[in-house]
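Colleague: File name query.tsv; file contents TSV, C-alpha atoms; full text below.
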```tsv
chain	number	residue	atom	x	y	z
A	733	MET	CA	-14.26	-2.53	32.32
A	734	LYS	CA	-12.37	0.77	32.22
A	735	GLU	CA	-11.31	1.82	28.75
A	736	LYS	CA	-7.58	1.53	28.07
A	737	ARG	CA	-6.61	2.58	24.58
A	738	THR	CA	-3.24	1.56	23.24
A	739	THR	CA	-0.64	3.10	20.95
A	740	GLU	CA	2.01	0.57	21.86
A	741	ARG	CA	3.86	-1.63	19.42
A	742	TYR	CA	3.53	-5.35	19.90
A	743	THR	CA	5.88	-8.12	18.78
A	744	LEU	CA	5.87	-11.79	17.83
A	745	ALA	CA	6.56	-12.67	21.48
A	746	ASP	CA	3.41	-10.73	22.47
A	747	LEU	CA	1.31	-12.64	19.93
A	748	GLU	CA	2.64	-15.90	21.32
A	749	ASN	CA	1.46	-14.90	24.82
A	750	TRP	CA	-1.44	-12.72	23.70
A	751	SER	CA	-3.78	-13.30	26.65
A	752	GLU	CA	-1.05	-11.92	28.94
A	753	ALA	CA	0.20	-9.13	26.63
A	754	ALA	CA	-3.26	-7.68	26.00
A	755	ARG	CA	-4.89	-8.60	29.31
A	756	ASP	CA	-5.61	-5.05	30.52
A	757	VAL	CA	-6.44	-3.47	27.17
A	758	TYR	CA	-10.04	-2.44	26.50
A	759	PRO	CA	-11.67	-2.39	23.99
A	760	PRO	CA	-9.77	-5.54	22.93
A	761	ILE	CA	-7.22	-5.39	20.11
A	762	ARG	CA	-8.79	-7.32	17.24
A	763	LEU	CA	-7.05	-5.65	14.29
A	764	GLY	CA	-3.56	-4.45	13.48
A	765	VAL	CA	-0.80	-3.81	10.97
A	766	PHE	CA	2.25	-6.08	10.59
A	767	GLY	CA	5.39	-4.38	9.31
A	768	ASP	CA	9.11	-3.72	9.71
A	769	PRO	CA	9.42	-0.81	10.33
A	770	VAL	CA	5.95	-0.05	11.67
A	771	ALA	CA	6.34	2.76	14.23
A	772	HIS	CA	5.58	5.42	11.61
A	773	SER	CA	2.28	3.83	10.50
A	774	LEU	CA	-0.79	6.07	10.72
A	775	SER	CA	-3.17	3.15	10.11
A	776	PRO	CA	-4.10	2.92	13.84
A	777	GLN	CA	-5.08	6.60	13.76
A	778	ILE	CA	-7.60	6.17	10.94
A	779	GLN	CA	-8.87	2.70	11.82
A	780	ASN	CA	-9.46	3.45	15.51
A	781	ALA	CA	-11.40	6.58	14.54
A	782	ALA	CA	-13.55	4.44	12.23
A	783	LEU	CA	-14.13	1.78	14.91
A	784	ARG	CA	-15.25	4.44	17.41
A	785	ALA	CA	-17.53	6.11	14.85
A	786	CYS	CA	-19.23	2.78	14.08
A	787	GLY	CA	-19.56	1.80	17.75
A	788	ILE	CA	-17.42	-1.32	17.29
A	789	GLU	CA	-15.77	-2.41	20.54
A	790	ALA	CA	-12.32	-3.16	19.19
A	791	GLN	CA	-8.92	-1.53	18.74
A	792	TYR	CA	-6.28	-1.57	16.00
A	793	ALA	CA	-2.57	-1.69	16.92
A	794	ARG	CA	0.92	-1.83	15.41
A	795	PHE	CA	2.87	-5.09	15.34
A	796	HIS	CA	6.61	-5.03	14.69
A	797	ILE	CA	7.01	-8.30	12.78
A	798	ARG	CA	10.30	-8.99	10.99
A	799	ALA	CA	10.45	-10.82	7.65
A	800	HIS	CA	11.54	-14.14	9.19
A	801	GLU	CA	8.75	-13.88	11.82
A	802	LEU	CA	5.80	-13.52	9.45
A	803	ARG	CA	4.96	-17.21	9.12
A	804	SER	CA	4.81	-17.66	12.92
A	805	ALA	CA	2.85	-14.44	13.43
A	806	LEU	CA	0.18	-15.52	10.93
A	807	ARG	CA	0.02	-18.95	12.53
A	808	PHE	CA	-0.67	-17.42	15.97
A	809	LEU	CA	-3.36	-15.17	14.46
A	810	ARG	CA	-5.48	-18.17	13.46
A	811	ASP	CA	-6.13	-19.03	17.10
A	812	LEU	CA	-6.73	-15.50	18.41
A	813	ASP	CA	-9.95	-13.51	18.38
A	814	PHE	CA	-8.77	-11.18	15.60
A	815	VAL	CA	-10.99	-9.87	12.81
A	816	GLY	CA	-8.00	-9.27	10.52
A	817	VAL	CA	-4.77	-7.41	9.85
A	818	ASN	CA	-3.09	-5.17	7.32
A	819	LEU	CA	0.36	-5.96	5.95
A	820	THR	CA	2.97	-3.41	4.99
A	821	VAL	CA	6.66	-3.53	3.99
A	822	PRO	CA	8.22	-6.12	3.71
A	823	HIS	CA	5.37	-8.65	4.00
A	824	LYS	CA	2.94	-8.11	1.11
A	825	ILE	CA	4.39	-10.58	-1.39
A	826	ALA	CA	5.64	-13.10	1.20
A	827	ALA	CA	2.18	-13.32	2.81
A	828	PHE	CA	0.55	-14.41	-0.44
A	829	ALA	CA	2.07	-17.89	-0.07
A	830	GLN	CA	0.92	-18.20	3.55
A	831	ILE	CA	-2.82	-17.55	3.33
A	832	ASP	CA	-5.60	-20.12	2.87
A	833	GLN	CA	-7.59	-18.28	0.24
A	834	ALA	CA	-7.03	-15.27	-2.01
A	835	ASP	CA	-9.59	-12.82	-3.31
A	836	GLU	CA	-9.37	-11.91	-7.01
A	837	SER	CA	-7.56	-8.64	-6.16
A	838	ALA	CA	-4.78	-10.50	-4.33
A	839	SER	CA	-4.53	-13.29	-6.92
A	840	ARG	CA	-4.13	-10.79	-9.75
A	841	VAL	CA	-1.30	-8.99	-7.95
A	842	GLY	CA	0.36	-11.92	-6.20
A	843	ALA	CA	0.46	-9.81	-3.03
A	844	VAL	CA	-1.69	-9.20	0.05
A	845	ASN	CA	-2.16	-6.06	2.15
A	846	THR	CA	-5.36	-7.09	3.97
A	847	ILE	CA	-6.24	-10.36	5.72
A	848	ARG	CA	-9.66	-11.29	7.05
A	849	ILE	CA	-9.85	-14.16	9.54
A	850	ARG	CA	-12.87	-16.47	9.40
A	851	ASP	CA	-13.09	-19.89	11.10
A	852	LYS	CA	-9.31	-19.90	11.66
A	853	LYS	CA	-8.73	-19.37	7.94
A	854	LEU	CA	-6.72	-16.46	6.52
A	855	ILE	CA	-8.38	-14.86	3.49
A	856	GLY	CA	-6.18	-12.41	1.57
A	857	PHE	CA	-7.13	-9.23	-0.31
A	858	ASP	CA	-5.20	-6.37	-1.88
A	859	THR	CA	-6.73	-2.90	-1.58
A	860	ASP	CA	-3.61	-0.98	-2.68
A	861	GLY	CA	-4.53	-0.89	-6.38
A	862	GLU	CA	-8.06	0.43	-5.92
A	863	GLY	CA	-6.84	2.76	-3.16
A	864	PHE	CA	-4.27	4.19	-5.59
A	865	VAL	CA	-6.84	4.79	-8.36
A	866	ARG	CA	-9.16	6.61	-5.94
A	867	SER	CA	-6.23	8.71	-4.68
A	868	ILE	CA	-5.22	9.84	-8.17
A	869	ARG	CA	-8.83	10.81	-8.87
A	870	SER	CA	-9.14	12.77	-5.62
A	871	GLU	CA	-5.73	14.50	-5.79
A	872	PHE	CA	-5.39	15.25	-9.51
A	873	SER	CA	-9.02	15.12	-10.77
A	874	VAL	CA	-8.15	12.64	-13.50
A	875	ASP	CA	-8.65	8.91	-14.09
A	876	VAL	CA	-5.71	6.52	-14.35
A	877	ARG	CA	-7.11	5.10	-17.58
A	878	ASP	CA	-6.38	8.44	-19.29
A	879	LEU	CA	-2.75	8.62	-18.17
A	880	ARG	CA	0.71	7.49	-19.24
A	881	VAL	CA	2.22	6.13	-16.01
A	882	LEU	CA	5.77	5.41	-14.86
A	883	ILE	CA	6.16	3.34	-11.67
A	884	VAL	CA	9.50	3.37	-9.85
A	885	GLY	CA	9.83	0.35	-7.56
A	886	ALA	CA	7.47	-1.86	-9.56
A	887	GLY	CA	8.98	-5.05	-8.10
A	888	GLY	CA	7.65	-4.64	-4.54
A	889	GLY	CA	4.20	-5.42	-3.17
A	890	THR	CA	2.85	-1.86	-3.54
A	891	GLY	CA	4.41	-1.47	-6.98
A	892	HIS	CA	2.89	-4.79	-8.12
A	893	ALA	CA	-0.56	-3.71	-6.96
A	894	ILE	CA	-0.38	-0.30	-8.65
A	895	ALA	CA	1.00	-1.72	-11.90
A	896	SER	CA	-1.71	-4.40	-12.02
A	897	GLN	CA	-4.43	-1.83	-11.35
A	898	CYS	CA	-3.09	0.48	-14.07
A	899	ALA	CA	-3.20	-2.46	-16.49
A	900	LEU	CA	-6.71	-3.39	-15.39
A	901	GLU	CA	-7.83	0.23	-15.90
A	902	ASN	CA	-6.30	0.06	-19.42
A	903	CYS	CA	-4.10	3.12	-18.87
A	904	GLU	CA	-2.65	4.82	-21.96
A	905	ARG	CA	0.88	3.64	-21.26
A	906	LEU	CA	2.82	1.92	-18.45
A	907	GLY	CA	6.55	2.05	-17.74
A	908	LEU	CA	7.94	-0.26	-15.04
A	909	VAL	CA	11.19	0.69	-13.29
A	910	ASN	CA	12.90	-1.53	-10.73
A	911	ARG	CA	16.37	-1.75	-9.27
A	912	THR	CA	16.42	-5.40	-10.39
A	913	TYR	CA	15.58	-4.98	-14.08
A	914	GLU	CA	14.59	-8.66	-14.44
A	915	LYS	CA	11.75	-8.15	-11.92
A	916	ALA	CA	10.37	-5.32	-14.07
A	917	GLN	CA	10.63	-7.52	-17.15
A	918	THR	CA	8.81	-10.41	-15.45
A	919	LEU	CA	5.99	-8.11	-14.34
A	920	ALA	CA	5.75	-6.58	-17.84
A	921	GLU	CA	5.32	-10.05	-19.36
A	922	ARG	CA	2.60	-10.89	-16.85
A	923	LEU	CA	0.70	-7.68	-17.68
A	924	ARG	CA	1.19	-7.82	-21.46
A	925	PRO	CA	-2.24	-9.40	-22.21
A	926	TYR	CA	-3.91	-6.24	-20.82
A	927	PHE	CA	-2.14	-4.14	-23.46
A	928	ALA	CA	-2.90	-6.33	-26.47
A	929	GLY	CA	-5.92	-4.23	-27.55
A	930	PRO	CA	-6.21	-1.96	-30.58
A	931	ARG	CA	-5.13	1.30	-28.89
A	932	VAL	CA	-2.02	2.63	-30.66
A	933	LEU	CA	0.29	5.48	-29.59
A	934	GLY	CA	2.64	5.62	-32.55
A	935	PRO	CA	6.19	4.36	-32.13
A	936	VAL	CA	6.18	4.33	-28.30
A	937	ALA	CA	5.47	0.96	-26.68
A	938	ARG	CA	2.40	0.94	-24.41
A	939	LEU	CA	4.09	-1.38	-21.88
A	940	GLU	CA	7.79	-1.33	-21.13
A	941	ALA	CA	10.31	-2.46	-18.51
A	942	VAL	CA	12.76	0.39	-17.95
A	943	ALA	CA	16.30	0.39	-16.59
A	944	TRP	CA	16.80	2.53	-13.47
A	945	ASP	CA	19.37	4.93	-14.87
A	946	GLU	CA	19.22	8.58	-15.83
A	947	THR	CA	19.53	8.08	-19.59
A	948	ALA	CA	16.66	5.56	-19.73
A	949	LEU	CA	14.48	7.63	-17.38
A	950	ARG	CA	15.07	10.82	-19.38
A	951	ALA	CA	13.93	9.05	-22.56
A	952	GLN	CA	10.78	7.75	-20.82
A	953	LEU	CA	9.66	10.91	-19.08
A	954	ALA	CA	8.90	12.78	-22.32
A	955	ASP	CA	6.00	10.34	-22.83
A	956	ILE	CA	4.76	10.16	-19.21
A	957	ASP	CA	2.03	12.08	-17.36
A	958	LEU	CA	2.12	10.46	-13.92
A	959	VAL	CA	5.29	9.46	-12.04
A	960	VAL	CA	4.73	7.09	-9.10
A	961	ASN	CA	7.33	6.29	-6.45
A	962	ALA	CA	6.52	2.91	-4.88
A	963	THR	CA	9.87	2.70	-3.05
A	964	PRO	CA	10.62	4.03	0.46
A	965	LEU	CA	13.56	5.96	-1.05
A	966	GLY	CA	13.69	9.66	-0.30
A	967	MET	CA	11.86	9.83	3.03
A	968	ASN	CA	15.19	10.16	4.80
A	969	PRO	CA	16.70	13.58	3.91
A	970	SER	CA	20.13	11.98	3.40
A	971	GLU	CA	18.79	9.61	0.69
A	972	PRO	CA	18.86	10.51	-3.00
A	973	THR	CA	15.59	11.12	-4.82
A	974	PRO	CA	14.35	8.14	-6.91
A	975	ILE	CA	14.21	10.45	-9.94
A	976	PRO	CA	16.60	13.42	-10.30
A	977	ALA	CA	14.85	16.80	-10.12
A	978	ARG	CA	16.31	17.83	-13.48
A	979	LEU	CA	14.26	15.12	-15.24
A	980	LEU	CA	10.89	16.37	-13.99
A	981	ALA	CA	8.81	18.93	-15.91
A	982	PRO	CA	5.78	21.12	-15.16
A	983	HIS	CA	3.43	18.77	-17.08
A	984	HIS	CA	4.21	15.85	-14.77
A	985	MET	CA	2.03	14.71	-11.87
A	986	VAL	CA	4.16	13.11	-9.15
A	987	PHE	CA	2.72	10.69	-6.58
A	988	ASP	CA	4.90	9.37	-3.76
A	989	CYS	CA	3.35	6.36	-2.00
A	990	ALA	CA	5.44	7.10	1.09
A	991	TYR	CA	4.26	9.62	3.66
A	992	GLY	CA	5.94	11.32	6.56
A	993	PRO	CA	5.94	14.50	8.63
A	994	SER	CA	7.93	16.34	5.94
A	995	LYS	CA	8.01	16.26	2.13
A	996	SER	CA	10.10	13.51	0.54
A	997	SER	CA	13.03	14.41	-1.70
A	998	LEU	CA	10.95	13.44	-4.75
A	999	LEU	CA	8.10	15.79	-3.84
A	1000	ARG	CA	10.56	18.60	-3.18
A	1001	SER	CA	12.01	17.92	-6.64
A	1002	ALA	CA	8.50	18.06	-8.11
A	1003	ASP	CA	7.95	21.46	-6.47
A	1004	GLU	CA	11.21	22.75	-7.96
A	1005	ALA	CA	10.10	21.57	-11.40
A	1006	GLY	CA	6.68	23.20	-11.09
A	1007	ALA	CA	4.94	19.80	-11.23
A	1008	ARG	CA	1.81	18.89	-9.27
A	1009	ASP	CA	2.43	16.38	-6.49
A	1010	ALA	CA	0.84	14.36	-3.68
A	1011	ASN	CA	2.13	12.03	-0.98
A	1012	GLY	CA	0.80	8.63	0.11
A	1013	LEU	CA	-1.74	9.82	2.71
A	1014	PRO	CA	-4.73	9.73	0.31
A	1015	MET	CA	-3.76	6.18	-0.69
A	1016	LEU	CA	-3.46	5.18	2.97
A	1017	LEU	CA	-6.95	6.60	3.54
A	1018	HIS	CA	-8.63	4.87	0.58
A	1019	GLN	CA	-6.95	1.48	0.94
A	1020	GLY	CA	-7.70	1.62	4.68
A	1021	ALA	CA	-11.39	2.37	4.03
A	1022	LEU	CA	-11.54	-0.59	1.63
A	1023	SER	CA	-9.91	-2.84	4.27
A	1024	PHE	CA	-12.48	-1.71	6.87
A	1025	SER	CA	-15.31	-2.65	4.49
A	1026	ILE	CA	-13.76	-6.11	3.96
A	1027	TRP	CA	-13.51	-6.73	7.70
A	1028	PHE	CA	-16.97	-5.53	8.68
A	1029	GLY	CA	-19.08	-5.81	5.52
A	1030	CYS	CA	-20.22	-2.20	5.67
A	1031	GLU	CA	-19.25	1.15	4.20
A	1032	ALA	CA	-16.30	2.74	6.02
A	1033	PRO	CA	-16.86	6.20	7.58
A	1034	ILE	CA	-14.32	7.76	5.22
A	1035	GLU	CA	-14.82	11.39	6.30
A	1036	VAL	CA	-14.15	10.40	9.92
A	1037	MET	CA	-11.01	8.59	8.76
A	1038	ARG	CA	-9.92	11.58	6.67
A	1039	ALA	CA	-10.38	13.92	9.65
A	1040	ALA	CA	-8.23	11.59	11.80
A	1041	LEU	CA	-5.31	12.12	9.39
A	1042	ARG	CA	-5.40	15.91	9.72
```
Could you express the structure from this file as structure tokens?

Modeller:
Amino acid sequence: MKEKRTTERYTLADLENWSEAARDVYPPIRLGVFGDPVAHSLSPQIQNAALRACGIEAQYARFHIRAHELRSALRFLRDLDFVGVNLTVPHKIAAFAQIDQADESASRVGAVNTIRIRDKKLIGFDTDGEGFVRSIRSEFSVDVRDLRVLIVGAGGGTGHAIASQCALENCERLGLVNRTYEKAQTLAERLRPYFAGPRVLGPVARLEAVAWDETALRAQLADIDLVVNATPLGMNPSEPTPIPARLLAPHHMVFDCAYGPSKSSLLRSADEAGARDANGLPMLLHQGALSFSIWFGCEAPIEVMRAALR
């Protein structure tokens, strides 16, 4: 059969009539990413490069699945010849309640970004946390366990995963910021056992829920090394930055989980402050490589995937 590669976006209606929607596509689509929005996703770029490099006859595509469509989309997946899918905004937390089995990484976080399908069962994993740790090491040459970390947007699926991984790594200090303060408090209580050890940093609490206002952020940032934005805020030039530029200092490292063709407002603010910064592409790469290994039980060709992002 003649090769027909796809960059199209598919929908719930396509999944419902998959044999018709994907009839002329070769290699067959057996992987994908569910999200809303999803057009910007670079996951197909890196995963299709990996599939080709490993000689696997399959393709990875984008699926525009809205929040209220997720349950149906996952139900259809069970009966299709898919290896698995990735989940992005807004599905990571919602999907946790709709899978058959959760790996330890997903159970710890209460969120899922990777699903493997075996015998019509959906098995959930979360590779965001480990992907984040590897990104920080590659971009800033430092380990998360040695850092004082502030996460903005800790209440979402990505924020949950990063916060849980920071706790697991026993980072020096963790501040959790969320628009809904109660969500940050709930997460802090869940992570508190990780911070019950003997390590002491004087009068500053090692784990803290933080209000999202300038006064509270200013007080926090004096005792923070790494600032993480786990919200989509700031990718649109008309949006405000999650943290005002005047609060950032040269000693800060700033990591924005979002990525786009231009720098986010937060990363521009970091530049102005003389801080080191990185966007979410390294995290996309590392969490994607971990997903590939889960699906196929082999090491992902990470250099091929990295080259596909350039």

Colleague: Which is closer to Glu836 (chain A) than all the others in A:Ser896, A:Ile788, A:Gly863, A:Gln779, using all atoms listed in the file?

Modeller: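 The shortest atom-to-atom distance to Glu836 (chain A) comes from A:Ser896.
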
Colleague: Neighbours of Gly861 (chain A) within 12 Å (only C-alpha atoms; same-chain residues fewer than 2 positions away dropped), as a compact mmCIF listing (two decimals) with C-alpha atoms, in the frame of the given file?

Modeller:
```
# COMPACT_ATOMS: atom_id res chain seq x y z
CA SER A 837 -7.56 -8.64 -6.16
CA ALA A 838 -4.78 -10.50 -4.33
CA ARG A 840 -4.13 -10.79 -9.75
CA VAL A 841 -1.30 -8.99 -7.95
CA ALA A 843 0.46 -9.81 -3.03
CA VAL A 844 -1.69 -9.20 0.05
CA ASN A 845 -2.16 -6.06 2.15
CA PHE A 857 -7.13 -9.23 -0.31
CA ASP A 858 -5.20 -6.37 -1.88
CA THR A 859 -6.73 -2.90 -1.58
CA GLY A 863 -6.84 2.76 -3.16
CA PHE A 864 -4.27 4.19 -5.59
CA VAL A 865 -6.84 4.79 -8.36
CA ARG A 866 -9.16 6.61 -5.94
CA SER A 867 -6.23 8.71 -4.68
CA ILE A 868 -5.22 9.84 -8.17
CA VAL A 876 -5.71 6.52 -14.35
CA GLY A 889 4.20 -5.42 -3.17
CA THR A 890 2.85 -1.86 -3.54
CA GLY A 891 4.41 -1.47 -6.98
CA HIS A 892 2.89 -4.79 -8.12
CA ALA A 893 -0.56 -3.71 -6.96
CA ILE A 894 -0.38 -0.30 -8.65
CA ALA A 895 1.00 -1.72 -11.90
CA SER A 896 -1.71 -4.40 -12.02
CA GLN A 897 -4.43 -1.83 -11.35
CA CYS A 898 -3.09 0.48 -14.07
CA ALA A 899 -3.20 -2.46 -16.49
CA LEU A 900 -6.71 -3.39 -15.39
CA GLU A 901 -7.83 0.23 -15.90
CA ALA A 962 6.52 2.91 -4.88
CA CYS A 989 3.35 6.36 -2.00
CA MET A 1015 -3.76 6.18 -0.69
CA LEU A 1016 -3.46 5.18 2.97
CA HIS A 1018 -8.63 4.87 0.58
CA GLN A 1019 -6.95 1.48 0.94
CA GLY A 1020 -7.70 1.62 4.68
CA LEU A 1022 -11.54 -0.59 1.63
```

Colleague: Between CA of Gly1012 (chain A) and CA of Phe1028 (chain A), what is the distance in Å, rounded to a tenth?

Modeller: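 A separation of 24.3 Å between them.
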
Colleague: A:Leu879, A:Leu806, A:Ala790, A:Ala1032: which is nearest Ile761 (chain A), counting all atoms listed in the file?

Modeller: A:Ala790

Colleague: I want to know what sits within 7 Å of region 912-918 of chain A, based on all atoms listed in the file, with residues of the same chain fewer than 2 positions away left out; could you give that as a tab-separated table (two decimals) with C-alpha atoms, in the frame of the given file?

Modeller:
```
chain	number	residue	atom	x	y	z
A	886	ALA	CA	7.47	-1.86	-9.56
A	887	GLY	CA	8.98	-5.05	-8.10
A	908	LEU	CA	7.94	-0.26	-15.04
A	909	VAL	CA	11.19	0.69	-13.29
A	910	ASN	CA	12.90	-1.53	-10.73
A	920	ALA	CA	5.75	-6.58	-17.84
A	921	GLU	CA	5.32	-10.05	-19.36
A	922	ARG	CA	2.60	-10.89	-16.85
A	941	ALA	CA	10.31	-2.46	-18.51
A	943	ALA	CA	16.30	0.39	-16.59
```

Colleague: So that I can see what lies close to region 984-988 of chain A, please list as a ChimeraX atom specification the residues with an atom at most 6 Å from it, counting all atoms listed in the file and leaving out residues fewer than 6 positions away in the same chain.

Modeller: /A:957-961,1007-1012

Colleague: Provide the CA of Asp832 (chain A) to CA of Ile849 (chain A) distance in Å, to one decimal place.

Modeller: 9.9 Å

Colleague: Restricting the calculation to only C-alpha atoms: of A:Leu980, A:Leu949, A:Gly885, A:His796, which residue gets closest to Arg1000 (chain A)?

Modeller: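 The answer is A:Leu980, which sits nearest to Arg1000 (chain A).
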